[in-house]
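Trainee: Coordinates in query_2.cif, mmCIF, C-alpha atoms and all ligand atoms, are listed below.
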data_run
loop_
_atom_site.label_atom_id
_atom_site.label_comp_id
_atom_site.auth_asym_id
_atom_site.auth_seq_id
_atom_site.Cartn_x
_atom_site.Cartn_y
_atom_site.Cartn_z
CA MET A 1080 -72.19 -12.10 129.11
CA ILE A 1081 -71.57 -15.22 127.01
CA PRO A 1082 -72.53 -18.40 128.90
CA PRO A 1083 -69.56 -20.83 128.98
CA ASP A 1084 -71.86 -23.74 128.10
CA HIS A 1085 -72.84 -22.13 124.79
CA PRO A 1086 -71.86 -24.54 121.97
CA ARG A 1087 -70.09 -21.69 120.12
CA TYR A 1088 -68.54 -20.23 123.30
CA ARG A 1089 -64.98 -19.89 122.00
CA SER A 1090 -65.99 -18.32 118.74
CA LEU A 1091 -68.31 -15.85 120.51
CA VAL A 1092 -65.61 -14.86 122.99
CA VAL A 1093 -63.18 -14.23 120.13
CA ARG A 1094 -65.77 -12.12 118.29
CA GLU A 1095 -66.42 -10.10 121.44
CA ARG A 1096 -62.69 -9.54 121.90
CA LEU A 1097 -62.28 -8.38 118.30
CA ALA A 1098 -65.30 -6.08 118.53
CA GLY A 1099 -63.85 -4.53 121.73
CA SER A 1100 -60.50 -4.08 119.96
CA ALA A 1101 -62.28 -2.43 117.02
CA ARG A 1102 -64.01 0.00 119.36
CA LYS A 1103 -60.58 0.92 120.80
CA GLY A 1104 -59.16 1.39 117.29
CA ILE A 1105 -56.71 -1.55 117.38
CA VAL A 1106 -58.65 -3.66 114.87
CA SER A 1107 -60.05 -1.89 111.81
CA TRP A 1108 -63.78 -2.32 111.10
CA GLU A 1109 -62.72 -4.03 107.86
CA GLY A 1110 -60.65 -6.44 109.97
CA LEU A 1111 -63.88 -7.78 111.46
CA THR A 1112 -65.08 -8.84 108.02
CA ALA A 1113 -61.74 -10.47 107.29
CA HIS A 1114 -62.18 -12.46 110.51
CA GLY A 1115 -65.61 -13.59 109.32
CA ARG A 1116 -64.13 -14.96 106.12
CA GLY A 1117 -61.56 -16.83 108.21
CA GLU A 1118 -64.26 -18.29 110.47
CA ALA A 1119 -66.17 -19.61 107.47
CA PHE A 1120 -63.14 -21.51 106.20
CA ASP A 1121 -62.36 -22.74 109.71
CA TYR A 1122 -65.88 -24.20 109.87
CA LEU A 1123 -65.09 -26.15 106.72
CA LEU A 1124 -61.85 -27.40 108.25
CA GLY A 1125 -63.67 -28.62 111.35
CA GLU A 1126 -61.94 -25.99 113.56
CA ARG A 1127 -58.92 -28.21 114.07
CA THR A 1128 -55.31 -28.39 112.99
CA THR A 1129 -55.06 -30.89 110.15
CA ALA A 1130 -52.06 -33.15 109.61
CA SER A 1131 -50.93 -31.10 106.61
CA ALA A 1132 -51.23 -27.84 108.60
CA LEU A 1133 -49.11 -29.35 111.37
CA PHE A 1134 -46.52 -30.34 108.79
CA ALA A 1135 -46.60 -26.74 107.45
CA GLU A 1136 -46.17 -25.38 110.99
CA ARG A 1137 -43.09 -27.54 111.56
CA THR A 1138 -41.70 -26.48 108.21
CA ALA A 1139 -42.31 -22.83 109.15
CA ALA A 1140 -40.32 -23.35 112.35
CA ALA A 1141 -37.40 -24.77 110.38
CA LEU A 1142 -37.53 -21.84 107.94
CA LEU A 1143 -37.58 -19.28 110.76
CA LEU A 1144 -34.70 -20.94 112.60
CA SER A 1145 -32.54 -21.23 109.50
CA ALA A 1146 -33.18 -17.59 108.49
CA ARG A 1147 -30.46 -14.94 108.55
CA HIS A 1148 -32.93 -12.14 109.36
CA PRO A 1149 -36.46 -13.36 110.15
CA VAL A 1150 -39.28 -10.85 110.68
CA ILE A 1151 -42.86 -11.35 111.91
CA SER A 1152 -45.31 -8.82 110.46
CA ILE A 1153 -48.23 -7.83 112.69
CA ASN A 1154 -51.59 -6.29 111.81
CA GLY A 1155 -54.47 -5.28 114.09
CA ASN A 1156 -56.29 -8.64 114.07
CA THR A 1157 -53.09 -10.54 114.88
CA ALA A 1158 -52.26 -8.22 117.78
CA ALA A 1159 -55.80 -8.42 119.19
CA LEU A 1160 -56.02 -12.20 118.89
CA ALA A 1161 -52.52 -13.40 119.65
CA ALA A 1162 -50.15 -10.86 121.23
CA GLY A 1163 -49.02 -13.39 123.88
CA GLU A 1164 -48.51 -16.13 121.28
CA ILE A 1165 -46.36 -13.73 119.22
CA ALA A 1166 -44.21 -13.00 122.29
CA ALA A 1167 -43.66 -16.74 122.83
CA LEU A 1168 -42.81 -17.32 119.17
CA GLN A 1169 -40.38 -14.40 119.14
CA LYS A 1170 -38.55 -15.91 122.12
CA ALA A 1171 -38.40 -19.31 120.44
CA CYS A 1172 -37.18 -18.16 117.01
CA GLY A 1173 -35.48 -14.81 117.62
CA ALA A 1174 -37.38 -12.94 114.89
CA LEU A 1175 -37.91 -9.18 114.78
CA VAL A 1176 -41.55 -8.19 115.24
CA GLU A 1177 -42.76 -5.23 113.17
CA VAL A 1178 -46.21 -3.66 112.79
CA ASN A 1179 -47.49 -3.28 109.22
CA LEU A 1180 -51.03 -2.06 108.52
CA PHE A 1181 -53.35 -1.67 105.56
CA HIS A 1182 -55.49 0.91 107.41
CA ARG A 1183 -52.49 2.75 108.77
CA THR A 1184 -52.40 5.75 111.08
CA GLU A 1185 -49.55 6.65 113.44
CA ARG A 1186 -52.04 6.35 116.30
CA ARG A 1187 -53.01 2.78 115.34
CA VAL A 1188 -49.38 1.75 114.90
CA LYS A 1189 -48.56 3.09 118.37
CA MET A 1190 -51.60 1.42 120.00
CA ILE A 1191 -50.68 -1.95 118.47
CA GLU A 1192 -47.01 -1.58 119.41
CA ASP A 1193 -48.03 -0.78 123.00
CA LEU A 1194 -50.37 -3.77 123.15
CA LEU A 1195 -47.59 -6.06 121.90
CA THR A 1196 -45.05 -4.61 124.34
CA VAL A 1197 -47.38 -5.19 127.30
CA ALA A 1198 -47.75 -8.82 126.15
CA GLY A 1199 -43.97 -9.26 126.28
CA VAL A 1200 -43.01 -8.66 122.64
CA ASP A 1201 -39.77 -6.81 121.90
CA VAL A 1202 -41.20 -4.60 119.13
CA PHE A 1203 -38.98 -3.33 116.33
CA SER A 1204 -40.24 0.23 115.92
CA GLY A 1205 -38.67 3.46 114.80
CA LYS A 1206 -38.68 5.26 111.50
CA ALA A 1207 -40.83 3.62 108.83
CA GLU A 1208 -40.43 4.50 105.16
CA ARG A 1209 -42.54 3.86 102.06
CA LEU A 1210 -40.23 1.13 100.79
CA LEU A 1211 -42.42 -1.55 99.21
CA LEU A 1212 -43.77 -1.18 95.68
CA LEU A 1213 -47.41 -0.87 96.71
CA SER A 1214 -49.89 1.95 96.22
CA HIS A 1215 -51.46 1.43 99.66
CA ASP A 1216 -50.09 1.89 103.16
CA ARG A 1217 -48.78 -1.65 103.57
CA ALA A 1218 -45.84 -0.11 101.66
CA TRP A 1219 -44.61 1.45 104.94
CA CYS A 1220 -41.93 -0.62 106.64
CA ARG A 1221 -38.51 -0.32 108.27
CA ARG A 1222 -35.33 -0.53 106.23
CA ASP A 1223 -33.55 -2.71 108.83
CA GLY A 1224 -36.70 -4.71 109.52
CA MET A 1225 -39.03 -6.21 106.96
CA TYR A 1226 -37.31 -4.56 104.01
CA SER A 1227 -34.05 -6.43 104.58
CA ALA A 1228 -35.57 -9.65 105.94
CA ASP A 1229 -34.90 -12.95 104.19
CA VAL A 1230 -37.85 -14.77 105.83
CA VAL A 1231 -41.11 -12.99 106.69
CA LEU A 1232 -43.99 -14.54 108.62
CA VAL A 1233 -47.16 -12.76 107.55
CA PRO A 1234 -50.19 -13.88 109.54
CA LEU A 1235 -53.46 -12.66 107.97
CA GLU A 1236 -51.90 -11.04 104.94
CA ASP A 1237 -53.33 -9.38 101.88
CA GLY A 1238 -52.32 -10.84 98.55
CA ASP A 1239 -50.74 -7.67 97.17
CA ARG A 1240 -48.04 -7.36 99.75
CA CYS A 1241 -47.42 -11.08 99.83
CA GLU A 1242 -46.75 -10.92 96.10
CA VAL A 1243 -44.39 -7.94 96.48
CA LEU A 1244 -42.44 -9.58 99.31
CA ALA A 1245 -42.11 -12.82 97.35
CA GLY A 1246 -41.08 -10.80 94.28
CA MET A 1247 -38.25 -9.29 96.34
CA GLY A 1248 -36.88 -12.82 96.75
CA LYS A 1249 -38.01 -13.26 100.34
CA THR A 1250 -39.31 -16.50 101.76
CA VAL A 1251 -42.89 -15.67 102.79
CA ILE A 1252 -44.74 -17.79 105.35
CA ALA A 1253 -48.48 -17.05 105.46
CA ILE A 1254 -51.11 -18.16 107.96
CA ASP A 1255 -54.42 -18.08 106.12
CA LEU A 1256 -57.53 -20.20 106.58
CA ASN A 1257 -58.51 -19.56 102.97
CA PRO A 1258 -56.46 -21.88 100.72
CA LEU A 1259 -57.87 -20.10 97.65
CA SER A 1260 -56.69 -16.57 98.53
CA ARG A 1261 -54.02 -14.79 96.53
CA THR A 1262 -51.92 -14.77 99.70
CA ALA A 1263 -52.18 -18.54 100.10
CA ARG A 1264 -51.23 -19.09 96.47
CA THR A 1265 -48.40 -16.53 96.39
CA ALA A 1266 -46.64 -17.35 99.66
CA THR A 1267 -43.66 -19.69 99.73
CA LEU A 1268 -45.34 -21.67 102.51
CA THR A 1269 -48.99 -21.38 103.56
CA ILE A 1270 -50.28 -22.64 106.87
CA VAL A 1271 -54.01 -23.25 106.45
CA ASP A 1272 -54.93 -23.10 110.12
CA GLU A 1273 -56.43 -20.66 112.59
CA LEU A 1274 -53.91 -18.11 113.86
CA THR A 1275 -54.20 -18.94 117.57
CA ARG A 1276 -53.82 -22.67 116.88
CA ALA A 1277 -50.98 -22.19 114.40
CA LEU A 1278 -48.68 -19.90 116.40
CA PRO A 1279 -48.23 -22.19 119.45
CA GLN A 1280 -47.51 -25.12 117.11
CA ILE A 1281 -44.77 -23.14 115.33
CA THR A 1282 -43.34 -22.09 118.70
CA SER A 1283 -43.29 -25.61 120.04
CA ALA A 1284 -41.64 -26.90 116.85
CA CYS A 1285 -38.98 -24.14 117.16
CA ARG A 1286 -38.24 -25.27 120.70
CA ASP A 1287 -38.00 -28.93 119.64
CA LEU A 1288 -35.69 -28.14 116.73
CA SER A 1289 -33.49 -25.86 118.87
CA GLN A 1290 -33.18 -28.53 121.56
CA ALA A 1291 -32.32 -31.18 119.01
CA GLY A 1292 -29.61 -28.78 117.76
CA GLU A 1293 -30.04 -30.04 114.24
CA GLU A 1294 -27.90 -28.83 111.38
CA ARG A 1295 -29.60 -25.86 109.66
CA SER A 1296 -29.94 -27.10 106.11
CA PRO A 1297 -32.20 -25.82 103.27
CA VAL A 1298 -35.86 -26.54 103.98
CA PRO A 1299 -37.84 -28.03 101.06
CA VAL A 1300 -41.38 -26.63 100.64
CA ASP A 1301 -44.17 -27.92 98.39
CA ASN A 1302 -46.89 -25.30 98.83
CA HIS A 1303 -49.04 -26.76 96.07
CA TYR A 1304 -49.25 -30.01 98.06
CA LEU A 1305 -50.15 -28.14 101.29
CA LEU A 1306 -52.93 -26.16 99.60
CA SER A 1307 -54.32 -29.23 97.82
CA GLU A 1308 -54.40 -31.11 101.12
CA ALA A 1309 -56.32 -28.25 102.80
CA ILE A 1310 -58.84 -28.18 99.95
CA ARG A 1311 -59.14 -31.98 100.08
CA GLU A 1312 -59.86 -31.86 103.86
CA MET A 1313 -62.56 -29.21 103.35
CA THR A 1314 -64.13 -31.03 100.41
CA ALA A 1315 -64.20 -34.30 102.34
CA ARG A 1316 -66.02 -32.64 105.23
CA LEU A 1317 -68.52 -31.06 102.85
CA SER A 1318 -69.16 -34.40 101.13
CA HIS A 1319 -69.95 -36.07 104.47
CA ALA A 1320 -71.69 -33.08 106.08
CA LEU A 1321 -75.12 -34.69 106.20
CA ASP A 1322 -74.09 -38.32 106.81
P1 LIG B 1401 -56.11 -12.12 99.26
O1 LIG B 1401 -55.82 -10.66 99.01
O2 LIG B 1401 -54.93 -12.87 99.73
O3 LIG B 1401 -56.87 -12.84 98.17
P2 LIG B 1401 -58.22 -11.46 101.13
O4 LIG B 1401 -58.68 -10.33 100.28
O5 LIG B 1401 -59.21 -12.47 101.57
O6 LIG B 1401 -57.04 -12.26 100.53
P3 LIG B 1401 -58.04 -10.14 103.60
O7 LIG B 1401 -59.38 -9.56 103.38
O8 LIG B 1401 -56.96 -9.27 104.06
O9 LIG B 1401 -57.46 -10.88 102.36
O10 LIG B 1401 -58.33 -11.35 104.61
C1 LIG B 1401 -57.41 -11.92 105.39
C2 LIG B 1401 -57.40 -13.43 105.30
O11 LIG B 1401 -57.14 -13.89 106.60
C3 LIG B 1401 -58.70 -14.11 104.84
O12 LIG B 1401 -58.41 -14.90 103.74
C4 LIG B 1401 -59.13 -15.01 106.00
O13 LIG B 1401 -59.46 -16.30 105.55
C5 LIG B 1401 -57.88 -15.08 106.85
N1 LIG B 1401 -58.15 -15.09 108.29
C6 LIG B 1401 -58.95 -14.24 109.00
N2 LIG B 1401 -58.91 -14.53 110.31
C7 LIG B 1401 -58.05 -15.57 110.46
C8 LIG B 1401 -57.56 -16.30 111.58
N3 LIG B 1401 -57.94 -16.02 112.83
N4 LIG B 1401 -56.66 -17.29 111.34
C9 LIG B 1401 -56.23 -17.57 110.10
N5 LIG B 1401 -56.66 -16.92 108.99
C10 LIG B 1401 -57.56 -15.93 109.16
#
Show me this structure written as structure tokens.
Ligand code: ATP

Mentor:
Amino acid sequence: MIPPDHPRYRSLVVRERLAGSARKGIVSWEGLTAHGRGEAFDYLLGERTTASALFAERTAAALLLSARHPVISINGNTAALAAGEIAALQKACGALVEVNLFHRTERRVKMIEDLLTVAGVDVFSGKAERLLLLSHDRAWCRRDGMYSADVVLVPLEDGDRCEVLAGMGKTVIAIDLNPLSRTARTATLTIVDELTRALPQITSACRDLSQAGEERSPVPVDNHYLLSEAIREMTARLSHALD
């Protein structure tokens, strides 16, 4: 039992949730280490959404709303941490939601799809094929889903697939706390923020934009600026850490 007055309460609850999901087989054991890397970068960010991340989240909303065929790609960590937030985002932007795993078994895919469905997500399932030019199992996707998408939101991605998707001419939106990762540097737009903070911001921006009924025009993105701002925020915190 984690005492609610513990100074790291939220982080400990999240770890416990991920560990439970790993025991069930939803999160891979490797996914726990990936979460640890994310936590370290979040510490440097001050565990808050920075102004540049908020700007990236609003830009992501505009990209999703102006897409012809937007798809949200889900892995085990994303499902365990944010199934409800994915359901809300899907309602706000109308994207397909498809499971795509590095440590892929049919059993894991089914467990994650079921978890998402219970949380209210309309999951795009069905026959997957080895369609992406990758030697690992992230290559498996659906022809009418991710393969034909024009905009793909890839929370917690690995750099390989991000590169392949971008190489196919897709607009790739990544959520990654590490501004130095290959994913962050390869994506069209990188949101350097924690997943469960980022998703509700994108959803709320989608709702605002839909209500405003603005013309859907091309959305300019300067990812180099967004990554430099994230690095600047982290460096500034490090420089003043002991003040
Ligand atoms: P790359 O292949 O892109 O260089 P990597 O090898 O670090 O990256 P993974 O091991 O798949 O890729 O790690 C996933 C990434 O997700 C990490 O960079 C980590 O910072 C990030 N991450 C983990 N948990 C979260 C979270 N909750 N919110 C946002 N980002 C996260």

Trainee: I'd like the neighbourhood of segment 1188-1203 of chain A as number ranges by chain, where a residue qualifies if any of its atoms comes within 12 Å (using only C-alpha atoms), though same-chain residues fewer than 3 positions away should be ignored.

Mentor: A: 1100-1101, 1103-1107, 1150-1171, 1173-1185, 1206-1207, 1216-1217, 1219-1225

Trainee: Kindly provide, as a ChimeraX atom specification, all nucleotide and amino acid residues lying within 7 Å of ligand LIG 1401 (chain B), counting all atoms listed in the file.

Mentor: /A:1113-1118,1120,1235-1239,1254-1257,1260-1263,1272-1275

Trainee: Please determine, counting all atoms listed in the file, which residue among A:Val1271, A:Leu1212, A:Val1298, A:Gly1205 has the shortest atom-to-atom distance to Glu1136 of chain A.

Mentor: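 Distance minimum relative to Glu1136 of chain A lands on A:Val1271.
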
Trainee: Given the choices A:His1319, A:Leu1278, A:Met1247, A:Arg1094, which gets closest to Ser1227 of chain A if the distance is worked out from all atoms listed in the file?

Mentor: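 So, comparing all the options, the nearest one is A:Met1247.
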
Trainee: Grab the atom CA of Pro1258 of chain A to atom CA of Pro1279 of chain A distance for me, in Å with one decimal place.

Mentor: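 Computed distance, atom CA of Pro1258 of chain A to atom CA of Pro1279 of chain A, equals 20.5 Å.
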
Trainee: I'd like the interatomic distance between atom CA of Glu1242 of chain A and atom CA of Tyr1226 of chain A, to a tenth of an Å.

Mentor: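 That distance, rounded to one decimal, is 13.9 Å.
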
Trainee: Which is closer to Arg1286 of chain A than all the others in A:Leu1143, A:Glu1095, A:Leu1111, A:Thr1314, using all atoms listed in the file?

Mentor: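 Closest candidate: A:Leu1143.
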
Trainee: Please determine an axis-aligned box that encloses all atoms of segment 1097-1107 of chain A listed in the file, with 5 Å added on each side, and express its centre and edge lengths in Å to one decimal as AutoDock Vina command-line options.

Mentor:
--center_x -61.0 --center_y -3.5 --center_z 116.8 --size_x 18.6 --size_y 19.8 --size_z 19.9

Trainee: Calculate how many Å separate atom CA of Ala1315 of chain A from atom CA of His1085 of chain A, rounding to one decimal.

Mentor: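 Calculated distance between atom CA of Ala1315 of chain A and atom CA of His1085 of chain A is 27.0 Å.
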
Trainee: If you count only C-alpha atoms, which residues fall within 10 Å of His1303 of chain A, apart from same-chain ones fewer than 6 positions away, as a VMD selection string?

Mentor: chain A and resid 1263 to 1264 1267 to 1269

Trainee: Pick from A:Ile1270, A:Ala1119, A:Ala1253, A:Leu1142: nearest to Ser1307 of chain A, with all atoms listed in the file counted?

Mentor: A:Ile1270
